[in-house]
Structure formats: C-alpha cells, structure tokens
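One file, my_file21.pdb, is given below (PDB, C-alpha atoms).
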ATOM      1  CA  MET A   1     -14.457 -20.050  -4.538
ATOM      2  CA  GLU A   2     -17.093 -18.390  -2.379
ATOM      3  CA  VAL A   3     -19.719 -16.343  -4.271
ATOM      4  CA  TYR A   4     -21.980 -14.164  -2.121
ATOM      5  CA  ASP A   5     -23.866 -12.242  -4.732
ATOM      6  CA  GLN A   6     -23.747 -11.773  -8.510
ATOM      7  CA  SER A   7     -25.827  -8.671  -9.088
ATOM      8  CA  PHE A   8     -24.923  -5.003  -9.180
ATOM      9  CA  ASN A   9     -26.556  -3.783  -5.974
ATOM     10  CA  GLN A  10     -26.047  -2.010  -2.627
ATOM     11  CA  ASN A  11     -22.352  -2.721  -2.120
ATOM     12  CA  GLU A  12     -21.347  -1.535  -5.618
ATOM     13  CA  TRP A  13     -23.532   1.593  -5.297
ATOM     14  CA  PHE A  14     -22.082   2.282  -1.840
ATOM     15  CA  VAL A  15     -18.548   2.149  -3.261
ATOM     16  CA  ILE A  16     -19.357   4.351  -6.291
ATOM     17  CA  ILE A  17     -21.321   6.967  -4.305
ATOM     18  CA  SER A  18     -18.671   7.047  -1.539
ATOM     19  CA  ILE A  19     -15.876   7.588  -4.061
ATOM     20  CA  PHE A  20     -17.831  10.357  -5.789
ATOM     21  CA  VAL A  21     -18.829  12.172  -2.579
ATOM     22  CA  LEU A  22     -15.475  11.805  -0.809
ATOM     23  CA  PHE A  23     -13.346  12.854  -3.805
ATOM     24  CA  THR A  24     -15.684  15.812  -4.479
ATOM     25  CA  LEU A  25     -15.207  16.913  -0.860
ATOM     26  CA  LEU A  26     -11.447  16.468  -1.233
ATOM     27  CA  PHE A  27     -11.372  18.847  -4.198
ATOM     28  CA  VAL A  28     -13.923  21.329  -2.800
ATOM     29  CA  LEU A  29     -12.484  21.833   0.708
ATOM     30  CA  PRO A  30      -9.886  24.629   1.061
ATOM     31  CA  LYS A  31      -6.369  23.353   0.367
ATOM     32  CA  LEU A  32      -4.011  22.862   3.297
ATOM     33  CA  PHE A  33      -1.276  20.776   1.696
ATOM     34  CA  SER A  34       0.940  20.816  -1.374
ATOM     35  CA  LEU A  35       0.029  18.508  -4.264
ATOM     36  CA  LEU A  36       2.743  16.017  -3.302
ATOM     37  CA  GLU A  37       1.591  15.949   0.322
ATOM     38  CA  THR A  38      -1.993  15.371  -0.850
ATOM     39  CA  ILE A  39      -0.812  12.490  -3.071
ATOM     40  CA  GLY A  40       1.246  11.070  -0.177
ATOM     41  CA  TYR A  41      -1.657  11.125   2.317
ATOM     42  CA  CYS A  42      -4.068   9.643  -0.245
ATOM     43  CA  LEU A  43      -1.612   6.891  -1.235
ATOM     44  CA  PHE A  44      -1.064   6.061   2.436
ATOM     45  CA  GLY A  45      -4.772   5.176   2.775
ATOM     46  CA  LEU A  46      -4.798   3.204  -0.466
ATOM     47  CA  PHE A  47      -1.652   1.309   0.544
ATOM     48  CA  ILE A  48      -2.916   0.474   4.049
ATOM     49  CA  GLY A  49      -6.364  -0.565   2.784
ATOM     50  CA  MET A  50      -4.852  -2.866   0.190
ATOM     51  CA  PHE A  51      -2.202  -4.197   2.539
ATOM     52  CA  SER A  52      -4.777  -5.077   5.213
ATOM     53  CA  ASP A  53      -7.259  -6.658   2.834
ATOM     54  CA  GLN A  54      -4.708  -8.439   0.669
ATOM     55  CA  THR A  55      -3.081  -9.873   3.784
ATOM     56  CA  LEU A  56      -6.033 -10.769   6.013
ATOM     57  CA  SER A  57      -8.495 -11.756   3.300
ATOM     58  CA  ILE A  58      -6.235 -14.214   1.448
ATOM     59  CA  ALA A  59      -5.161 -17.765   2.246
ATOM     60  CA  PRO A  60      -3.850 -19.000   4.660
ATOM     61  CA  TRP A  61      -5.607 -16.505   6.926
ATOM     62  CA  ASP A  62      -8.660 -15.642   4.809
ATOM     63  CA  PHE A  63     -10.528 -13.884   7.638
ATOM     64  CA  TYR A  64     -12.935 -12.065   5.332
ATOM     65  CA  ASP A  65     -13.891 -11.444   1.710
ATOM     66  CA  VAL A  66     -14.564  -8.116   0.061
ATOM     67  CA  ASN A  67     -17.600  -7.528  -2.199
ATOM     68  CA  ASP A  68     -19.409 -10.224  -4.196
ATOM     69  CA  THR A  69     -16.849 -13.039  -4.410
ATOM     70  CA  ALA A  70     -13.661 -14.247  -2.750
ATOM     71  CA  ALA A  71     -11.751 -13.436  -5.979
ATOM     72  CA  TYR A  72     -10.117 -10.065  -6.572
ATOM     73  CA  GLN A  73     -12.438  -7.917  -8.728
ATOM     74  CA  VAL A  74     -12.535  -4.404 -10.177
ATOM     75  CA  THR A  75     -15.078  -3.414  -7.485
ATOM     76  CA  ASP A  76     -12.548  -4.480  -4.847
ATOM     77  CA  PHE A  77      -9.982  -2.114  -6.337
ATOM     78  CA  LEU A  78     -12.598   0.669  -6.403
ATOM     79  CA  SER A  79     -13.453  -0.003  -2.758
ATOM     80  CA  TYR A  80      -9.765   0.501  -1.887
ATOM     81  CA  LEU A  81      -9.890   3.898  -3.592
ATOM     82  CA  MET A  82     -12.343   4.963  -0.871
ATOM     83  CA  TYR A  83      -9.450   4.802   1.596
ATOM     84  CA  CYS A  84      -7.613   7.627  -0.247
ATOM     85  CA  PRO A  85      -9.893  10.458   0.899
ATOM     86  CA  TYR A  86     -10.292   8.842   4.346
ATOM     87  CA  SER A  87      -6.589   9.099   5.131
ATOM     88  CA  TYR A  88      -6.462  12.563   3.542
ATOM     89  CA  PHE A  89      -9.333  13.822   5.738
ATOM     90  CA  PHE A  90      -7.732  12.212   8.782
ATOM     91  CA  VAL A  91      -4.630  14.386   8.299
ATOM     92  CA  TYR A  92      -6.675  17.363   7.036
ATOM     93  CA  PHE A  93      -8.765  17.669  10.221
ATOM     94  CA  TYR A  94      -5.761  16.789  12.371
ATOM     95  CA  VAL A  95      -4.112  19.960  11.058
ATOM     96  CA  ARG A  96      -7.308  22.025  10.765
ATOM     97  CA  LEU A  97      -8.342  21.333  14.367
ATOM     98  CA  ASN A  98      -4.742  21.821  15.517
ATOM     99  CA  ILE A  99      -4.695  18.512  17.365
ATOM    100  CA  LYS A 100      -1.720  18.258  19.718
ATOM    101  CA  GLY A 101      -0.442  16.224  22.675
ATOM    102  CA  PRO A 102      -2.921  13.923  24.448
ATOM    103  CA  TYR A 103      -5.769  15.133  22.221
ATOM    104  CA  THR A 104      -4.136  13.029  19.472
ATOM    105  CA  ILE A 105      -5.250   9.885  21.356
ATOM    106  CA  LEU A 106      -8.838  11.147  21.523
ATOM    107  CA  TYR A 107      -8.688  12.084  17.832
ATOM    108  CA  ILE A 108      -7.480   8.585  16.865
ATOM    109  CA  VAL A 109     -10.179   6.968  19.046
ATOM    110  CA  ILE A 110     -12.906   9.079  17.381
ATOM    111  CA  TRP A 111     -11.620   8.120  13.910
ATOM    112  CA  THR A 112     -11.453   4.470  14.959
ATOM    113  CA  ALA A 113     -15.108   4.672  16.059
ATOM    114  CA  ALA A 114     -16.042   6.312  12.736
ATOM    115  CA  SER A 115     -14.111   3.618  10.818
ATOM    116  CA  LEU A 116     -15.921   0.891  12.775
ATOM    117  CA  LEU A 117     -19.252   2.497  11.911
ATOM    118  CA  MET A 118     -18.308   2.471   8.212
ATOM    119  CA  GLU A 119     -17.195  -1.151   8.519
ATOM    120  CA  TRP A 120     -20.495  -2.062  10.195
ATOM    121  CA  ILE A 121     -22.395  -0.424   7.321
ATOM    122  CA  GLY A 122     -20.083  -2.346   4.951
ATOM    123  CA  THR A 123     -20.999  -5.687   6.548
ATOM    124  CA  LYS A 124     -24.728  -4.873   6.367
ATOM    125  CA  ILE A 125     -24.664  -4.048   2.654
ATOM    126  CA  GLY A 126     -22.438  -6.956   1.602
ATOM    127  CA  LEU A 127     -19.134  -5.136   1.229
ATOM    128  CA  TYR A 128     -17.402  -7.335   3.829
ATOM    129  CA  HIS A 129     -18.113 -10.995   4.614
ATOM    130  CA  PHE A 130     -16.341 -12.303   7.733
ATOM    131  CA  ASN A 131     -15.014 -15.879   7.954
ATOM    132  CA  LYS A 132     -13.306 -18.114  10.515
ATOM    133  CA  GLY A 133     -14.816 -16.300  13.496
ATOM    134  CA  TYR A 134     -13.364 -12.921  12.543
ATOM    135  CA  SER A 135     -15.360 -10.132  14.111
ATOM    136  CA  MET A 136     -15.346  -6.355  14.012
ATOM    137  CA  TYR A 137     -13.598  -6.079  17.377
ATOM    138  CA  TRP A 138     -10.436  -7.404  15.695
ATOM    139  CA  SER A 139     -10.528  -4.310  13.499
ATOM    140  CA  VAL A 140     -10.209  -1.986  16.529
ATOM    141  CA  PRO A 141      -6.442  -2.529  17.097
ATOM    142  CA  ILE A 142      -5.874  -2.498  13.325
ATOM    143  CA  TYR A 143      -7.494   0.950  12.958
ATOM    144  CA  LEU A 144      -5.744   2.256  16.086
ATOM    145  CA  PHE A 145      -2.380   1.018  14.817
ATOM    146  CA  PHE A 146      -2.617   2.328  11.251
ATOM    147  CA  GLN A 147      -4.088   5.685  12.303
ATOM    148  CA  SER A 148      -1.232   6.117  14.790
ATOM    149  CA  ILE A 149       1.201   5.297  11.968
ATOM    150  CA  LEU A 150      -0.553   7.932   9.825
ATOM    151  CA  VAL A 151       0.038  10.562  12.534
ATOM    152  CA  ILE A 152       3.735   9.557  12.639
ATOM    153  CA  TYR A 153       3.872   9.612   8.808
ATOM    154  CA  PHE A 154       2.415  13.139   8.789
ATOM    155  CA  GLU A 155       4.813  14.386  11.478
ATOM    156  CA  VAL A 156       7.836  12.915   9.667
ATOM    157  CA  THR A 157       6.833  14.303   6.228
ATOM    158  CA  LYS A 158       6.296  17.722   7.842
ATOM    159  CA  ARG A 159       9.797  17.746   9.336
ATOM    160  CA  THR A 160      11.828  16.395   6.405
TER     161      THR A 160
ATOM    162  CA  MET B 161      14.935 -20.366   8.093
ATOM    163  CA  ALA B 162      13.121 -18.397   5.374
ATOM    164  CA  LEU B 163      11.562 -16.092   7.955
ATOM    165  CA  SER B 164      14.859 -15.348   9.705
ATOM    166  CA  ILE B 165      16.501 -14.568   6.337
ATOM    167  CA  ALA B 166      13.565 -12.352   5.318
ATOM    168  CA  ILE B 167      13.675 -10.445   8.640
ATOM    169  CA  THR B 168      17.466 -10.003   8.378
ATOM    170  CA  ILE B 169      17.248  -8.683   4.795
ATOM    171  CA  SER B 170      14.344  -6.391   5.770
ATOM    172  CA  ILE B 171      16.331  -4.861   8.653
ATOM    173  CA  ILE B 172      19.418  -4.351   6.464
ATOM    174  CA  LEU B 173      17.319  -2.697   3.744
ATOM    175  CA  LEU B 174      15.547  -0.511   6.319
ATOM    176  CA  HIS B 175      18.939   0.670   7.622
ATOM    177  CA  LEU B 176      20.166   1.326   4.089
ATOM    178  CA  SER B 177      16.980   3.304   3.312
ATOM    179  CA  ILE B 178      17.225   5.380   6.479
ATOM    180  CA  PHE B 179      20.935   6.156   6.158
ATOM    181  CA  GLN B 180      21.217   6.528   2.375
ATOM    182  CA  HIS B 181      22.410   9.911   1.113
ATOM    183  CA  SER B 182      19.345  10.868  -0.863
ATOM    184  CA  LYS B 183      18.582  14.307  -2.266
ATOM    185  CA  HIS B 184      14.919  13.327  -2.195
ATOM    186  CA  SER B 185      12.742  13.868   0.845
ATOM    187  CA  PHE B 186      10.994  11.220   2.931
ATOM    188  CA  LEU B 187       7.708  12.217   1.260
ATOM    189  CA  ASP B 188       9.160  11.710  -2.264
ATOM    190  CA  ASN B 189      10.519   8.292  -1.356
ATOM    191  CA  SER B 190       7.346   7.272   0.470
ATOM    192  CA  ILE B 191       5.287   8.027  -2.665
ATOM    193  CA  VAL B 192       7.590   5.748  -4.704
ATOM    194  CA  PHE B 193       7.294   3.090  -1.978
ATOM    195  CA  PHE B 194       3.469   3.263  -1.969
ATOM    196  CA  VAL B 195       3.112   3.212  -5.784
ATOM    197  CA  VAL B 196       5.471   0.250  -6.155
ATOM    198  CA  SER B 197       3.880  -1.647  -3.238
ATOM    199  CA  ILE B 198       0.369  -1.099  -4.585
ATOM    200  CA  PHE B 199       1.423  -2.396  -8.014
ATOM    201  CA  ILE B 200       3.198  -5.455  -6.542
ATOM    202  CA  MET B 201       0.281  -6.328  -4.239
ATOM    203  CA  ASN B 202      -2.196  -6.143  -7.109
ATOM    204  CA  TYR B 203      -0.186  -8.199  -9.567
ATOM    205  CA  LEU B 204       0.715 -10.833  -6.975
ATOM    206  CA  THR B 205      -2.900 -11.137  -5.816
ATOM    207  CA  ILE B 206      -4.015 -11.580  -9.432
ATOM    208  CA  ILE B 207      -1.362 -14.159 -10.388
ATOM    209  CA  ALA B 208      -1.485 -16.062  -7.087
ATOM    210  CA  TRP B 209      -5.155 -16.058  -6.055
ATOM    211  CA  ASN B 210      -7.132 -15.227  -9.209
ATOM    212  CA  LYS B 211      -5.095 -16.969 -11.921
ATOM    213  CA  GLU B 212      -3.323 -19.426  -9.589
ATOM    214  CA  PHE B 213      -0.056 -19.232 -11.558
ATOM    215  CA  ILE B 214       1.824 -19.445  -8.268
ATOM    216  CA  ALA B 215       0.886 -21.019  -4.942
ATOM    217  CA  VAL B 216       1.843 -19.192  -1.778
ATOM    218  CA  SER B 217       2.668 -21.311   1.263
ATOM    219  CA  THR B 218      -0.117 -21.786   3.802
ATOM    220  CA  ASP B 219       2.437 -22.197   6.594
ATOM    221  CA  ASP B 220       2.192 -19.127   8.847
ATOM    222  CA  SER B 221       5.935 -18.373   9.114
ATOM    223  CA  LEU B 222       6.469 -18.842   5.369
ATOM    224  CA  PHE B 223       3.455 -16.639   4.662
ATOM    225  CA  VAL B 224       4.968 -13.885   6.842
ATOM    226  CA  SER B 225       8.186 -14.272   4.775
ATOM    227  CA  PHE B 226       6.066 -13.805   1.654
ATOM    228  CA  LEU B 227       4.527 -10.639   3.144
ATOM    229  CA  LEU B 228       7.972  -9.265   4.026
ATOM    230  CA  HIS B 229       9.191  -9.996   0.499
ATOM    231  CA  ARG B 230       6.078  -8.429  -1.067
ATOM    232  CA  ASN B 231       5.614  -5.360   1.123
ATOM    233  CA  LEU B 232       9.027  -4.482   2.483
ATOM    234  CA  ILE B 233      12.013  -6.097   0.760
ATOM    235  CA  THR B 234      11.044  -5.487  -2.890
ATOM    236  CA  PRO B 235       9.612  -1.947  -2.431
ATOM    237  CA  LEU B 236      12.592  -0.823  -0.310
ATOM    238  CA  LEU B 237      15.037  -2.284  -2.826
ATOM    239  CA  ILE B 238      13.244  -0.367  -5.590
ATOM    240  CA  VAL B 239      13.296   2.898  -3.616
ATOM    241  CA  LEU B 240      17.056   2.442  -3.080
ATOM    242  CA  PHE B 241      17.520   1.564  -6.759
ATOM    243  CA  ALA B 242      15.482   4.560  -8.018
ATOM    244  CA  ASN B 243      17.469   6.969  -5.816
ATOM    245  CA  THR B 244      20.841   5.566  -6.884
ATOM    246  CA  PHE B 245      19.751   5.353 -10.537
ATOM    247  CA  ARG B 246      18.835   9.056 -10.597
ATOM    248  CA  LYS B 247      22.153  10.002  -9.023
ATOM    249  CA  GLN B 248      24.260   8.234 -11.670
ATOM    250  CA  LYS B 249      25.315  10.066 -14.820
ATOM    251  CA  GLY B 250      26.970   7.406 -17.010
ATOM    252  CA  VAL B 251      24.835   5.047 -19.100
ATOM    253  CA  LEU B 252      27.134   2.090 -18.398
ATOM    254  CA  VAL B 253      26.907   2.637 -14.666
ATOM    255  CA  LYS B 254      23.105   2.806 -14.929
ATOM    256  CA  VAL B 255      22.980  -0.428 -16.951
ATOM    257  CA  GLY B 256      25.303  -2.098 -14.431
ATOM    258  CA  LEU B 257      23.132  -0.906 -11.550
ATOM    259  CA  LEU B 258      19.995  -2.199 -13.259
ATOM    260  CA  ALA B 259      21.618  -5.583 -13.992
ATOM    261  CA  SER B 260      22.912  -6.010 -10.431
ATOM    262  CA  THR B 261      19.534  -5.028  -8.901
ATOM    263  CA  LEU B 262      17.768  -7.499 -11.198
ATOM    264  CA  LEU B 263      20.269 -10.166 -10.129
ATOM    265  CA  ILE B 264      19.561  -9.441  -6.437
ATOM    266  CA  MET B 265      15.812  -9.628  -7.096
ATOM    267  CA  TYR B 266      16.331 -12.884  -9.023
ATOM    268  CA  LEU B 267      18.146 -14.328  -6.014
ATOM    269  CA  PHE B 268      15.266 -13.272  -3.727
ATOM    270  CA  ASN B 269      12.773 -14.973  -6.080
ATOM    271  CA  PHE B 270      14.980 -18.052  -6.236
ATOM    272  CA  GLY B 271      15.173 -18.069  -2.432
ATOM    273  CA  SER B 272      11.364 -17.830  -2.192
ATOM    274  CA  VAL B 273      10.992 -20.882  -4.408
ATOM    275  CA  TYR B 274      13.872 -22.760  -2.743
ATOM    276  CA  PHE B 275      12.373 -22.305   0.748
ATOM    277  CA  ASP B 276       8.836 -23.147  -0.500
ATOM    278  CA  VAL B 277       7.501 -19.685   0.267
ATOM    279  CA  GLU B 278       6.170 -19.664  -3.297
ATOM    280  CA  ASN B 279       5.589 -22.589  -5.594
ATOM    281  CA  TYR B 280       5.600 -21.748  -9.308
ATOM    282  CA  LYS B 281       2.867 -23.650 -11.186
ATOM    283  CA  GLU B 282       2.410 -21.735 -14.434
ATOM    284  CA  TRP B 283       5.101 -19.206 -13.668
ATOM    285  CA  ASN B 284       8.906 -19.221 -13.828
ATOM    286  CA  LEU B 285      11.919 -17.202 -12.734
ATOM    287  CA  LEU B 286      12.217 -15.537 -16.147
ATOM    288  CA  LEU B 287       8.642 -14.200 -15.950
ATOM    289  CA  ALA B 288       9.321 -13.140 -12.352
ATOM    290  CA  SER B 289      12.449 -11.249 -13.520
ATOM    291  CA  MET B 290      10.438  -9.561 -16.272
ATOM    292  CA  MET B 291       7.937  -8.378 -13.651
ATOM    293  CA  ASP B 292      10.880  -7.210 -11.517
ATOM    294  CA  PHE B 293      12.127  -5.162 -14.478
ATOM    295  CA  ILE B 294       8.648  -3.614 -14.855
ATOM    296  CA  VAL B 295       8.436  -2.668 -11.158
ATOM    297  CA  LEU B 296      11.961  -1.205 -11.254
ATOM    298  CA  THR B 297      10.882   0.919 -14.237
ATOM    299  CA  ILE B 298       7.729   1.992 -12.379
ATOM    300  CA  GLY B 299       9.899   3.011  -9.412
ATOM    301  CA  VAL B 300      12.230   5.152 -11.534
ATOM    302  CA  VAL B 301       9.349   6.727 -13.526
ATOM    303  CA  THR B 302       7.445   7.509 -10.297
ATOM    304  CA  LEU B 303      10.490   9.198  -8.768
ATOM    305  CA  HIS B 304      10.965  11.242 -11.983
ATOM    306  CA  PHE B 305       7.292  12.220 -11.859
ATOM    307  CA  VAL B 306       7.518  13.202  -8.189
ATOM    308  CA  VAL B 307      10.556  15.404  -8.924
ATOM    309  CA  PHE B 308       8.718  16.925 -11.909
ATOM    310  CA  LEU B 309       5.649  17.751  -9.768
ATOM    311  CA  LYS B 310       7.845  19.195  -7.044
ATOM    312  CA  THR B 311       9.717  21.418  -9.495
ATOM    313  CA  LYS B 312       6.491  22.571 -11.109
ATOM    314  CA  GLU B 313       4.910  23.303  -7.733
ATOM    315  CA  THR B 314       7.979  25.271  -6.586
ATOM    316  CA  GLN B 315       7.926  27.304  -9.825
ATOM    317  CA  ASN B 316       4.197  28.053  -9.438
ATOM    318  CA  TYR B 317       4.639  28.989  -5.797
ATOM    319  CA  GLY B 318       7.622  31.189  -6.677
ATOM    320  CA  GLY B 319       5.601  32.939  -9.382
ATOM    321  CA  LEU B 320       2.798  34.014  -7.060
TER     322      LEU B 320
END

With the file now loaded, output its structure as structure tokens.
Amino acid sequence: MEVYDQSFNQNEWFVIISIFVLFTLLFVLPKLFSLLETIGYCLFGLFIGMFSDQTLSIAPWDFYDVNDTAAYQVTDFLSYLMYCPYSYFFVYFYVRLNIKGPYTILYIVIWTAASLLMEWIGTKIGLYHFNKGYSMYWSVPIYLFFQSILVIYFEVTKRT
Amino acid sequence: MALSIAITISIILLHLSIFQHSKHSFLDNSIVFFVVSIFIMNYLTIIAWNKEFIAVSTDDSLFVSFLLHRNLITPLLIVLFANTFRKQKGVLVKVGLLASTLLIMYLFNFGSVYFDVENYKEWNLLLASMMDFIVLTIGVVTLHFVVFLKTKETQNYGGL
C-alpha cells in the first residue's frame, strides 16, 4: 500500500480549517432554506464527493489517493465533509444571485473553475496524489457533470 | 452477463422509485438515499480495501456492476422498502416485507458472488445479510427522522 506521508501536517490542517471555516459560514449566513433542504444539499455534496473518490481512487481504476496513504482513513472521511458546505453554497448563491436561463452555464463554469483551484491547492499540500497519468483536466467534466446534476436536484426538490 | 443484469435491475428499480405512490417528497426520499449510500460506500470500502475481507473484481464491466449494486440497486431498494414499511400498519405484514426484502438482497449478494463481481475471502452471505438488515434499519430510521424534522419544522413555522 502506498504511503505518502505519516505526519500530521498541511493536508490535515487544510481539512480541519476548511471544515471549521465553511461550516461556520454555513451557520452564520442568513437562512434561505428549510432544515431538510439544508440537510439535502449538504448530503448531496458528501454523497458525490464520496462516490467520486471511492470509485476513481480504488482498484481497478485507482486514479488517485486521498491524504497520507492509499488506505481509507479518518482524515479521508473528514475531507469528504468539506463537500457538504460546498454543495450548500453552490445552491445558496444560485438562489441568492437569482441565476436563471443561460446564466446557469456561466455559474457552473465559475464553480468548476473554483473547484479546480481548490483541487490544485489540494495537490500542492498533499491532499490528492494522482496515479496512472490522471490529471486535473479529467476533473473538469466531472465537476461540470455533478454541478449540473446539483442544479437539477435543486429544481426538482423545489417543485415537489 | 452480470452487467446486463445489473443495468436491467437498476432500470426496473428506478421506474419503481419514480412511479411509487409515496406520501413522502423527493427531498425526503433523496435524504434516505444519500444516508444509506454513504453508509454502504463506507462499510464496503473498509471491508473490501482496508480489511480485505472481500475482493472486488478488477474487470471493468464487473466493477461497473459492483458500482451499480453499491450505489443504485441497494439504496433504491432500501428507499422503496422504507416507504412501503412506513405505509403498512400490521406487524405481520411488516415482518413479511422485511423478510422478503432481505431475501431479495440475499439473492443480489449471491448473484454478485456467482458472477465473480465480489469474491468473499473472510466474509460470507450470512454476514452480508446482517449488514443488509442494518442498512434496512438505517433506511427506516432515517425516513422516520426526516418525517419528524418535517413535522417539527411545520409546527414551528405555523407557530410564528
């Protein structure tokens, strides 16, 4: 099993500080959704983060590893928790900025760019380790796809 | 053959989920789906890749069957079960429903082993059925909790 690092350093601090800051923002910002909607949007991010990582980062594909080792650790689970506020804020600003029609495409592209920036920071601090020629450009369609699904998820939950 | 069976079952379950007469909204059911999926992904990653109790096929088509079983078939079956379970009044009917759902899940596990999607090393069908029982319980408890939160939120909103 691949071991990249065994000390508590940048990547662990990045995860802990991100969770603290993002969840604080989630609770501090004015509420737009009901509690159940908030739970739904947060769980969407957690589910997608886990699904992507626990599909692409395991054998037979094994395109990348998360955090210090290839094995599943507590820090990995904590890093997935970061996705909760991300998906919440995605929907939050989508509603707040009253995004409609073709502007939705621009909104998704901007969030994809922001996600890529976060991923790039993640690779620099040892949060992600790419294997088998996987590169960040493969993440572009993944972000575009799941963020489009999140827009559809929001629209469907709003109507039913 | 495993992949074609998995796709067929997934489509049937998707149709059943879409057209079921549920008194719960899409949001309620999606929360159950996410919670159950997150639990299943975590426990399977731990037993398959950390503990190596089971070996998942490295063949691409069989691995996709595994993903369909993990992320679509089992969670959808549990969402359907939780909805039907809540609707039933009689204890006997509920026990019968639980037993038949466990039997269906047993057959899916058996199929996974039969078609070499999963290979049980330090695992067996009884342990797999026990985990199925746990995830079914999690599904029902989550749906109860969602209904409780919804009722509480409606009462609070009504009181303002």

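Taking atom CA of Ile206 of chain B and atom CA of Leu232 of chain B as the two end points, the separation is 19.0 Å.
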
Report task. Would you write out, as a list in words, every residue that the PyMOL selection byres ((chain A) within 7 of (chain B)) captures in this file? Result -> Gly40, Leu43, Phe44, Phe47, Ala59, Pro60, Ala71, Tyr72, Thr157 and Thr160 of chain A

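Note that the spacing between atom CA of Val239 of chain B and atom CA of Leu222 of chain B amounts to 24.5 Å.
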
Requested in this report: Please write as an MDAnalysis selection string the full residue list that the PyMOL selection byres ((chain B and resi 180) around 12) yields on this file.
Outcome: chainID B and resid 172:179 181:186 189 236:237 239:241 243:244 247

Query raised in the report: Which residues come within 12 Å of Ile110 of chain A, counting all atoms listed in the file, excluding same-chain residues fewer than 4 positions away, as a PyMOL selection string?
Result: chain A and resi 90+93-94+103-106+114-117+140+143-144+147

**Report entry** Nearest residue to Phe305 of chain B from the set B:Val255, B:Ala242, B:Met265, B:Leu287 (distances using only C-alpha atoms)
**Finding:** B:Ala242

Report task. Grab the atom CA of Val3 of chain A to atom CA of Val277 of chain B distance for me, in Å with one decimal place. Result -> 27.8 Å

Show me, as a CSV table (one decimal) with C-alpha atoms, in the coordinates of the input, the residues that have an atom within 9 Å of Tyr64 of chain A when counting all atoms listed in the file, minus same-chain residues fewer than 5 positions from it.
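Wrote part.csv, looks like this:
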chain,number,residue,atom,x,y,z
A,53,ASP,CA,-7.3,-6.7,2.8
A,56,LEU,CA,-6.0,-10.8,6.0
A,57,SER,CA,-8.5,-11.8,3.3
A,58,ILE,CA,-6.2,-14.2,1.4
A,70,ALA,CA,-13.7,-14.2,-2.8
A,128,TYR,CA,-17.4,-7.3,3.8
A,129,HIS,CA,-18.1,-11.0,4.6
A,130,PHE,CA,-16.3,-12.3,7.7
A,131,ASN,CA,-15.0,-15.9,8.0
A,132,LYS,CA,-13.3,-18.1,10.5
A,134,TYR,CA,-13.4,-12.9,12.5
